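Here is structure18.cif, consisting of mmCIF, C-alpha atoms (C1' of nucleotides):
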data_input
loop_
_atom_site.label_atom_id
_atom_site.label_comp_id
_atom_site.auth_asym_id
_atom_site.auth_seq_id
_atom_site.Cartn_x
_atom_site.Cartn_y
_atom_site.Cartn_z
CA MET Y 1 0.00 0.00 0.00
CA LEU Y 2 3.05 2.19 -0.24
CA ARG Y 3 2.89 3.02 3.37
CA LEU Y 4 5.73 4.04 5.59
CA SER Y 5 6.30 2.75 9.05
CA ARG Y 6 4.36 3.96 12.02
CA LEU Y 7 7.63 4.81 13.68
CA THR Y 8 8.11 7.55 11.14
CA ASP Y 9 4.77 9.00 12.02
CA TYR Y 10 5.83 8.96 15.65
CA ALA Y 11 9.05 10.67 14.72
CA VAL Y 12 7.17 13.57 13.22
CA VAL Y 13 5.04 13.92 16.29
CA VAL Y 14 8.06 13.77 18.52
CA LEU Y 15 9.96 16.36 16.53
CA VAL Y 16 7.07 18.77 16.57
CA ARG Y 17 6.77 18.24 20.26
CA LEU Y 18 10.44 19.03 20.75
CA SER Y 19 10.09 22.16 18.73
CA VAL Y 20 7.42 23.38 21.09
CA ALA Y 21 9.41 22.71 24.23
CA GLN Y 22 12.34 24.88 23.35
CA GLY Y 23 14.82 23.50 25.84
CA VAL Y 24 15.82 19.95 26.48
CA ALA Y 25 13.33 17.23 27.15
CA THR Y 26 13.92 13.71 28.33
CA SER Y 27 12.52 10.82 26.38
CA THR Y 28 10.22 10.16 29.31
CA GLU Y 29 8.78 13.65 29.18
CA VAL Y 30 8.24 13.51 25.47
CA ALA Y 31 6.60 10.13 25.72
CA ALA Y 32 4.23 11.33 28.39
CA SER Y 33 3.20 14.48 26.59
CA VAL Y 34 2.66 12.71 23.34
CA GLY Y 35 0.90 9.59 24.50
CA ILE Y 36 3.25 7.01 23.05
CA PRO Y 37 4.88 4.29 25.13
CA GLU Y 38 8.21 5.43 26.48
CA PRO Y 39 10.46 2.68 25.11
CA THR Y 40 9.19 3.33 21.63
CA VAL Y 41 9.75 7.05 21.88
CA ALA Y 42 13.22 6.37 23.17
CA LYS Y 43 13.90 4.22 20.15
CA VAL Y 44 12.70 6.90 17.81
CA LEU Y 45 14.76 9.57 19.51
CA LYS Y 46 17.86 7.43 19.34
CA ALA Y 47 17.42 7.03 15.62
CA LEU Y 48 16.83 10.73 15.14
CA ALA Y 49 19.88 11.58 17.21
CA GLY Y 50 21.97 9.24 15.12
CA HIS Y 51 21.09 11.30 12.08
CA GLY Y 52 21.57 14.67 13.70
CA LEU Y 53 17.93 15.67 13.60
CA VAL Y 54 18.06 16.02 17.34
CA THR Y 55 21.02 16.54 19.62
CA SER Y 56 21.36 14.68 22.86
CA THR Y 57 23.06 15.36 26.14
CA ARG Y 58 23.75 12.47 28.43
CA GLY Y 59 23.89 12.22 32.13
CA ALA Y 60 21.69 13.79 34.74
CA HIS Y 61 19.64 16.72 33.51
CA GLY Y 62 20.31 15.53 30.02
CA GLY Y 63 17.80 15.06 27.28
CA TYR Y 64 17.06 15.79 23.68
CA ARG Y 65 16.87 19.03 21.82
CA LEU Y 66 15.91 19.87 18.28
CA GLY Y 67 18.94 19.91 16.02
CA ARG Y 68 17.60 22.64 13.76
CA PRO Y 69 14.32 24.42 13.15
CA LEU Y 70 11.44 22.43 11.75
CA SER Y 71 11.52 24.42 8.57
CA GLU Y 72 14.94 22.98 7.82
CA ILE Y 73 13.95 19.39 8.28
CA ALA Y 74 12.50 17.67 5.25
CA ILE Y 75 10.33 14.63 5.76
CA SER Y 76 12.66 12.71 3.54
CA GLN Y 77 15.29 13.10 6.21
CA VAL Y 78 13.00 11.81 8.89
CA ILE Y 79 12.08 8.84 6.76
CA VAL Y 80 15.70 8.05 6.07
CA ALA Y 81 16.51 8.30 9.76
CA ILE Y 82 13.78 5.90 10.78
CA ASP Y 83 13.04 3.65 7.86
CA GLY Y 84 16.33 3.75 6.08
CA PRO Y 85 17.08 4.73 2.51
CA ILE Y 86 14.19 5.61 0.26
CA ALA Y 87 13.87 3.08 -2.50
CA LEU Y 88 10.68 1.57 -3.73
CA THR Y 89 12.10 -1.76 -4.69
CA SER Y 90 14.64 -4.00 -3.11
CA CYS Y 91 16.32 -4.23 -6.46
CA VAL Y 92 18.10 -0.90 -6.32
CA ASP Y 93 20.89 0.40 -8.38
CA GLY Y 94 23.85 -1.61 -7.31
CA ALA Y 95 21.94 -4.38 -5.65
CA SER Y 96 23.16 -7.84 -6.41
CA GLY Y 97 20.13 -9.77 -5.34
CA CYS Y 98 18.73 -9.79 -8.83
CA ASP Y 99 18.43 -13.44 -9.69
CA SER Y 100 16.31 -13.08 -12.78
CA LEU Y 101 18.62 -11.34 -15.15
CA SER Y 102 16.05 -11.70 -17.84
CA LEU Y 103 13.51 -9.35 -16.35
CA CYS Y 104 15.54 -6.78 -14.50
CA PRO Y 105 17.07 -5.13 -17.56
CA MET Y 106 13.69 -5.40 -19.17
CA ALA Y 107 11.58 -3.31 -16.90
CA GLY Y 108 13.15 -2.97 -13.50
CA ARG Y 109 14.03 0.65 -13.94
CA TRP Y 110 12.56 2.28 -10.94
CA ASP Y 111 15.23 4.91 -10.59
CA PRO Y 112 13.31 7.73 -12.24
CA VAL Y 113 10.42 6.92 -9.98
CA ASN Y 114 12.59 6.82 -6.93
CA ASP Y 115 14.10 10.14 -7.82
CA ALA Y 116 10.71 11.71 -8.35
CA ILE Y 117 9.60 10.59 -4.94
CA ARG Y 118 12.79 11.63 -3.23
CA THR Y 119 12.39 15.06 -4.72
CA ALA Y 120 8.80 15.34 -3.66
CA LEU Y 121 9.73 14.27 -0.17
CA SER Y 122 12.60 16.69 0.06
CA ASN Y 123 10.43 19.64 -0.83
CA THR Y 124 8.18 19.36 2.16
CA SER Y 125 9.48 20.37 5.55
CA LEU Y 126 8.05 19.51 8.91
CA ALA Y 127 7.11 23.14 9.26
CA ASP Y 128 4.87 22.73 6.25
CA MET Y 129 3.14 19.81 7.83
CA ALA Y 130 2.78 21.58 11.13
CA ALA Y 131 1.26 24.53 9.33
CA ALA Y 132 -1.33 22.28 7.77
CA SER Y 133 -2.02 20.98 11.21
CA VAL Y 134 -2.66 24.43 12.59
CA ARG Y 135 -5.16 25.23 9.93
CA ARG Y 136 -6.99 22.12 10.79
CA ALA Y 137 -7.12 22.41 14.55
CA LEU Y 138 -10.16 24.56 14.88
CA ARG Y 139 -12.24 21.96 16.59
CA PRO Y 140 -13.19 21.97 20.27
CA PRO Y 141 -9.89 21.86 22.09
CA ALA Y 142 -9.50 19.04 24.55
CA THR Y 143 -8.15 19.65 27.99
CA ALA Y 144 -4.82 18.02 27.43
CA SER Y 145 -1.82 20.26 27.16
CA PHE Y 146 -0.51 18.91 23.90
CA ASN Y 147 -3.23 20.54 21.95
CA GLU Y 148 -1.60 23.85 22.44
CA VAL Y 149 0.99 22.81 20.01
CA ALA Y 150 -0.81 24.55 17.26
CA MET S 1 11.71 1.49 4.07
CA LEU S 2 9.05 3.06 1.92
CA ARG S 3 9.02 0.12 -0.34
CA LEU S 4 6.20 -1.05 -2.48
CA SER S 5 5.22 -4.64 -2.84
CA ARG S 6 7.10 -7.03 -5.03
CA LEU S 7 3.85 -7.80 -6.76
CA THR S 8 3.89 -4.31 -8.19
CA ASP S 9 7.31 -4.91 -9.60
CA TYR S 10 6.02 -8.08 -11.17
CA ALA S 11 3.11 -6.17 -12.61
CA VAL S 12 5.43 -3.82 -14.44
CA VAL S 13 7.39 -6.69 -15.85
CA VAL S 14 4.24 -8.43 -16.94
CA LEU S 15 2.82 -5.36 -18.58
CA VAL S 16 5.97 -4.72 -20.52
CA ARG S 17 5.97 -8.31 -21.57
CA LEU S 18 2.42 -8.01 -22.81
CA SER S 19 3.30 -4.94 -24.77
CA VAL S 20 6.00 -6.87 -26.59
CA ALA S 21 3.71 -9.76 -27.51
CA GLN S 22 1.15 -7.74 -29.36
CA GLY S 23 -1.64 -10.29 -29.37
CA VAL S 24 -3.17 -12.21 -26.54
CA ALA S 25 -1.11 -14.24 -24.12
CA THR S 26 -2.24 -16.67 -21.49
CA SER S 27 -1.10 -16.27 -17.95
CA THR S 28 0.90 -19.45 -18.39
CA GLU S 29 2.76 -18.07 -21.37
CA VAL S 30 3.54 -14.83 -19.62
CA ALA S 31 4.74 -16.64 -16.54
CA ALA S 32 7.05 -18.81 -18.56
CA SER S 33 8.59 -16.00 -20.55
CA VAL S 34 9.14 -13.84 -17.52
CA GLY S 35 10.37 -16.37 -15.05
CA ILE S 36 7.83 -15.87 -12.31
CA PRO S 37 5.71 -18.68 -10.86
CA GLU S 38 2.46 -19.06 -12.74
CA PRO S 39 -0.03 -18.69 -9.89
CA THR S 40 1.56 -15.43 -8.89
CA VAL S 41 1.46 -14.07 -12.40
CA ALA S 42 -2.17 -15.10 -12.63
CA LYS S 43 -2.90 -13.17 -9.49
CA VAL S 44 -1.21 -10.09 -10.81
CA LEU S 45 -3.02 -10.30 -14.13
CA LYS S 46 -6.35 -10.64 -12.39
CA ALA S 47 -5.72 -7.52 -10.41
CA LEU S 48 -4.61 -5.63 -13.49
CA ALA S 49 -7.66 -6.81 -15.40
CA GLY S 50 -9.89 -5.64 -12.60
CA HIS S 51 -8.54 -2.14 -13.08
CA GLY S 52 -8.70 -2.15 -16.84
CA LEU S 53 -4.97 -2.08 -17.40
CA VAL S 54 -5.28 -5.32 -19.32
CA THR S 55 -8.32 -6.83 -21.00
CA SER S 56 -9.12 -10.49 -20.73
CA THR S 57 -10.92 -12.97 -22.91
CA ARG S 58 -12.14 -16.17 -21.38
CA GLY S 59 -12.54 -19.61 -22.79
CA ALA S 60 -10.35 -21.55 -25.11
CA HIS S 61 -7.85 -19.42 -27.01
CA GLY S 62 -8.42 -16.72 -24.47
CA GLY S 63 -5.83 -14.76 -22.62
CA TYR S 64 -4.76 -11.26 -21.69
CA ARG S 65 -4.05 -8.26 -23.81
CA LEU S 66 -2.74 -4.80 -23.01
CA GLY S 67 -5.60 -2.41 -22.34
CA ARG S 68 -3.76 0.62 -23.74
CA PRO S 69 -0.24 1.54 -24.80
CA LEU S 70 2.46 1.66 -22.15
CA SER S 71 2.81 5.37 -22.62
CA GLU S 72 -0.70 5.82 -21.30
CA ILE S 73 -0.19 3.80 -18.17
CA ALA S 74 1.21 5.68 -15.20
CA ILE S 75 2.94 3.71 -12.50
CA SER S 76 0.56 5.20 -10.02
CA GLN S 77 -2.19 3.26 -11.73
CA VAL S 78 -0.26 0.05 -11.49
CA ILE S 79 0.42 0.61 -7.83
CA VAL S 80 -3.19 1.34 -7.13
CA ALA S 81 -4.25 -1.78 -9.00
CA ILE S 82 -1.92 -4.01 -7.03
CA ASP S 83 -1.28 -2.39 -3.70
CA GLY S 84 -4.39 -0.32 -3.32
CA PRO S 85 -4.71 3.40 -2.80
CA ILE S 86 -1.54 5.39 -2.34
CA ALA S 87 -1.32 6.76 1.17
CA LEU S 88 1.77 6.81 3.31
CA THR S 89 0.03 6.43 6.61
CA SER S 90 -2.87 4.33 7.68
CA CYS S 91 -4.33 7.43 9.25
CA VAL S 92 -5.67 9.02 6.10
CA ASP S 93 -8.05 11.86 5.79
CA GLY S 94 -11.36 10.37 6.68
CA ALA S 95 -10.03 7.34 8.45
CA SER S 96 -11.62 6.55 11.77
CA GLY S 97 -8.98 4.24 13.11
CA CYS S 98 -7.23 7.05 14.92
CA ASP S 99 -7.27 6.07 18.55
CA SER S 100 -4.93 8.73 19.81
CA LEU S 101 -6.88 11.87 19.18
CA SER S 102 -4.23 13.83 20.98
CA LEU S 103 -1.46 13.37 18.49
CA CYS S 104 -3.23 13.17 15.18
CA PRO S 105 -4.33 16.82 15.05
CA MET S 106 -0.90 17.74 16.20
CA ALA S 107 1.24 16.56 13.39
CA GLY S 108 -0.49 13.87 11.44
CA ARG S 109 -0.91 16.00 8.37
CA TRP S 110 0.49 13.82 5.70
CA ASP S 111 -1.85 14.94 2.99
CA PRO S 112 0.51 17.38 1.28
CA VAL S 113 3.11 14.66 1.22
CA ASN S 114 0.70 12.13 -0.14
CA ASP S 115 -0.35 14.49 -2.86
CA ALA S 116 3.22 15.23 -3.81
CA ILE S 117 3.95 11.57 -4.18
CA ARG S 118 0.80 10.84 -6.08
CA THR S 119 1.69 13.58 -8.51
CA ALA S 120 5.20 12.33 -8.96
CA LEU S 121 3.92 8.85 -9.56
CA SER S 122 1.35 9.98 -12.06
CA ASN S 123 3.92 11.76 -14.17
CA THR S 124 5.92 8.68 -15.02
CA SER S 125 4.54 6.20 -17.49
CA LEU S 126 5.64 2.66 -18.03
CA ALA S 127 6.99 3.76 -21.37
CA ASP S 128 9.33 6.11 -19.52
CA MET S 129 10.62 3.28 -17.40
CA ALA S 130 11.12 1.07 -20.39
CA ALA S 131 12.99 3.89 -22.09
CA ALA S 132 15.22 4.33 -19.07
CA SER S 133 16.00 0.69 -19.32
CA VAL S 134 17.33 1.15 -22.82
CA ARG S 135 19.35 4.21 -21.96
CA ARG S 136 20.92 2.46 -19.10
CA ALA S 137 22.48 -0.28 -21.09
CA LEU S 138 24.95 2.28 -22.37
CA ARG S 139 26.38 3.90 -19.30
CA PRO S 140 28.91 2.41 -16.88
CA PRO S 141 27.64 0.89 -13.65
CA ALA S 142 26.37 3.58 -11.35
CA THR S 143 27.80 3.97 -7.92
CA ALA S 144 25.01 6.01 -6.43
CA SER S 145 24.40 5.00 -2.87
CA PHE S 146 21.36 5.38 -0.72
CA ASN S 147 23.01 7.80 1.59
CA GLU S 148 22.80 10.60 -0.87
CA VAL S 149 19.10 10.70 -0.46
CA ALA S 150 18.81 14.17 0.88
"C1'" DC R 1 29.65 8.11 44.76
"C1'" DT R 2 25.09 8.09 43.34
"C1'" DA R 3 21.33 9.14 40.56
"C1'" DA R 4 19.74 10.30 36.15
"C1'" DT R 5 19.74 9.76 31.29
"C1'" DC R 6 21.31 8.50 26.77
"C1'" DG R 7 23.36 4.53 23.69
"C1'" DG R 8 23.00 0.32 21.64
"C1'" DG R 9 21.91 -3.97 21.16
"C1'" DA R 10 19.08 -8.53 21.86
"C1'" DC R 11 14.75 -10.26 21.94
"C1'" DC R 12 9.81 -11.74 21.23
"C1'" DA R 13 5.06 -11.26 19.34
"C1'" DT R 14 2.13 -9.73 16.00
"C1'" DT R 15 0.95 -8.32 11.67
"C1'" DT R 16 1.37 -8.31 6.85
"C1'" DA R 17 2.67 -9.76 2.50
"C1'" DG R 18 3.84 -13.44 -0.71
"C1'" DG R 19 2.58 -17.41 -2.66
"C1'" DT R 20 -0.38 -21.70 -3.55
"C1'" DC R 21 -4.55 -24.06 -4.42
"C1'" DC R 22 -9.40 -25.01 -5.33
"C1'" DT R 23 -13.84 -24.27 -7.25
"C1'" DG R 24 -16.83 -21.78 -10.44
"C1'" DT R 25 -17.89 -19.67 -14.98
"C1'" DA R 26 -17.43 -18.50 -19.72
"C1'" DT R 27 -16.04 -19.54 -24.51
"C1'" DC R 28 -14.24 -22.14 -28.39
"C1'" DG R 29 -13.86 -26.35 -31.18
"C1'" DG R 30 -15.31 -30.71 -32.54
"C1'" DC T 1 -24.21 -30.90 -27.41
"C1'" DC T 2 -20.16 -31.96 -24.96
"C1'" DG T 3 -15.54 -31.44 -23.51
"C1'" DA T 4 -11.35 -28.81 -23.17
"C1'" DT T 5 -9.28 -24.45 -22.23
"C1'" DA T 6 -8.59 -20.38 -19.71
"C1'" DC T 7 -10.04 -16.55 -16.70
"C1'" DA T 8 -12.48 -15.13 -11.93
"C1'" DG T 9 -12.52 -15.12 -7.27
"C1'" DG T 10 -11.75 -16.50 -3.00
"C1'" DA T 11 -9.69 -19.40 1.01
"C1'" DC T 12 -5.64 -20.68 2.93
"C1'" DC T 13 -0.86 -21.30 4.62
"C1'" DT T 14 3.88 -19.91 5.32
"C1'" DA T 15 7.51 -16.68 6.06
"C1'" DA T 16 9.50 -12.30 6.81
"C1'" DA T 17 9.38 -7.62 8.39
"C1'" DT T 18 7.65 -4.51 11.75
"C1'" DG T 19 6.40 -2.77 16.18
"C1'" DG T 20 7.33 -2.95 20.67
"C1'" DT T 21 9.88 -4.29 25.10
"C1'" DC T 22 13.73 -4.97 27.94
"C1'" DC T 23 18.38 -4.98 29.63
"C1'" DC T 24 22.95 -3.42 30.46
"C1'" DG T 25 26.92 -0.32 29.54
"C1'" DA T 26 28.49 4.59 29.15
"C1'" DT T 27 28.31 9.32 30.60
"C1'" DT T 28 27.50 13.41 33.39
"C1'" DA T 29 25.53 16.54 37.21
"C1'" DG T 30 25.28 17.11 42.07
#
Any chance you could put this one into structure tokens?
Amino acid sequence: MLRLSRLTDYAVVVLVRLSVAQGVATSTEVAASVGIPEPTVAKVLKALAGHGLVTSTRGAHGGYRLGRPLSEIAISQVIVAIDGPIALTSCVDGASGCDSLSLCPMAGRWDPVNDAIRTALSNTSLADMAAASVRRALRPPATASFNEVA
Amino acid sequence: MLRLSRLTDYAVVVLVRLSVAQGVATSTEVAASVGIPEPTVAKVLKALAGHGLVTSTRGAHGGYRLGRPLSEIAISQVIVAIDGPIALTSCVDGASGCDSLSLCPMAGRWDPVNDAIRTALSNTSLADMAAASVRRALRPPATASFNEVA
DNA sequence: CTAATCGGGACCATTTAGGTCCTGTATCGG
DNA sequence: CCGATACAGGACCTAAATGGTCCCGATTAG
């Protein structure tokens, strides 16, 4: 269904959350304010930190902080951080797993498609998505604090 | 990993194959000439037929035939036929499965992204991919790695 | 030194996709 | 009219990827 992992969705939520809380925030705090189980959030944050989307400080009073403003983070980067490289088929450029030599040269040219998608994904920043979110959040606000995000 | 199903890849191969053999071809013939197990090819062809990408004739001397030229088939249509509607997240516009109301309004705005991808996918026809295949035979092996993905 | 917090891996359960098979229906040829 | 061929559609099983959890080592503030 051409879907991406739920973890990536979480990542977006987490990043937006971090952008709201300007300072540092522990994985526990983020998890609580976002409503996702802590271990999972921790996993997501680790992955994001590994790709520089967030910076981490260890030790007591440590935590995570946004690496750069949302407007400078493209979703493609988030996807790469969580789900790995963007490629629609397993049979990518230099891949060697191609057993059927007869069909790969015939029609297995997904590169233009991959490129098109990569481009599309690189042209949308998290800020764009957050903006869309704001426009939408006109409904009766719940009591929870996270709704103030908008 | 933002991958699409292998079945979709098969579908492209099958369609190109059908375009080569101008007349009708049975699922058995296609399977044999393409090197994919027959039942699987049959499944793919059924799905394609259901979406009008190929036309079928039943009975003896029946078989499948390309519904329209490759240049008029966008990959997006193939994907939809095989994998279903194109949406990156399960939480699409009108979906009701959203249990966590707190986070969806916050950042779950994937629509612009979905649209971007749909557009990109609609602008590439199977003929384009086949053409790329030809062009590729000329250039030296690419070294592009996934990491460059922006 | 102790508590807090990230880092990184191992691990298990569930879901999903891939693939196979079986039965029904339509059409052609004898 | 009857049988053979080939698609239609669904049920089913197996295997792999994903989501999610846990644990232990490393690091830093107090």
Please expand the PyMOL selection byres ((chain R) within 12 of (chain Y)) into the concrete residues it hits in this file, giving the result as a ChimeraX atom specification. /R:2-9,16-17
So what does the PyMOL selection byres ((chain R and resi 13) around 12) actually pick up in this one, as JSON, numbers by chain? {"R": [11, 12, 14, 15], "T": [18, 19, 20, 21]}
For chain T, report every residue with an atom at most 6 Å from chain Y (counting only C-alpha atoms (C1' of nucleotides)), formatted as a PyMOL selection string. chain T and resi 27-29
Go ahead and dump the residues you just picked, C-alpha atoms (C1' of nucleotides), as a CSV table (one decimal), in the frame of the given file.
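That gives us part_30.csv:
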chain,number,residue,atom,x,y,z
T,27,DT,C1',28.3,9.3,30.6
T,28,DT,C1',27.5,13.4,33.4
T,29,DA,C1',25.5,16.5,37.2
Residue neighbourhood DT23 (chain R), 12 Å, all atoms listed in the file, exclusion window fewer than 3 positions, as a list in words: DA8, DG9, DG10 and DA11 of chain T
Any chance you could resolve the PyMOL selection byres ((chain S and resi 111-113) around 8) against this file and give the residues as a ChimeraX atom specification? /Y:120-121,124,129 /S:92-93,109-110,114-117
How would the residues just chosen look if you wrote them out with C-alpha atoms as a short mmCIF file (atom, residue, chain, number, x, y, z; two decimals), in the coordinates of the input?
data_model
loop_
_atom_site.label_atom_id
_atom_site.label_comp_id
_atom_site.auth_asym_id
_atom_site.auth_seq_id
_atom_site.Cartn_x
_atom_site.Cartn_y
_atom_site.Cartn_z
CA ALA Y 120 8.80 15.34 -3.66
CA LEU Y 121 9.73 14.27 -0.17
CA THR Y 124 8.18 19.36 2.16
CA MET Y 129 3.14 19.81 7.83
CA VAL S 92 -5.67 9.02 6.10
CA ASP S 93 -8.05 11.86 5.79
CA ARG S 109 -0.91 16.00 8.37
CA TRP S 110 0.49 13.82 5.70
CA ASN S 114 0.70 12.13 -0.14
CA ASP S 115 -0.35 14.49 -2.86
CA ALA S 116 3.22 15.23 -3.81
CA ILE S 117 3.95 11.57 -4.18
#
Hey, can you check how far CA of Leu2 (chain Y) sits from CA of Gly35 (chain Y)?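 Distance between the two atoms: 25.9 Å.
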Extending 5 Å beyond the listed atoms of region 6-25 of chain T on each side, what axis-aligned box results? I want centre and edge lengths in Å to one decimal, as lines of an AutoDock Vina configuration file.
center_x = 7.2
center_y = -10.8
center_z = 5.4
size_x = 49.4
size_y = 31.0
size_z = 60.2
For CA of Val20 (chain S) and CA of Val44 (chain S), quote the distance in Å rounded to one decimal.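 Answer for the CA of Val20 (chain S) to CA of Val44 (chain S) separation: 17.6 Å.
Distance annotation: of Y:Leu18, Y:Ala47, Y:Ala32, Y:Val80, the residue with the minimal separation from chain S is Y:Val80; atom set is only C-alpha atoms.
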I'd like to know which of S:Asp128, S:Glu29, S:Glu72, S:Asp83 is closest to chain Y, using only C-alpha atoms.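 Among the listed residues, S:Asp83 lies closest to chain Y.
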Could you work out how far C1' of DG30 (chain T) lies from CA of Val54 (chain Y), giving the answer in Å with one decimal? 25.8 Å
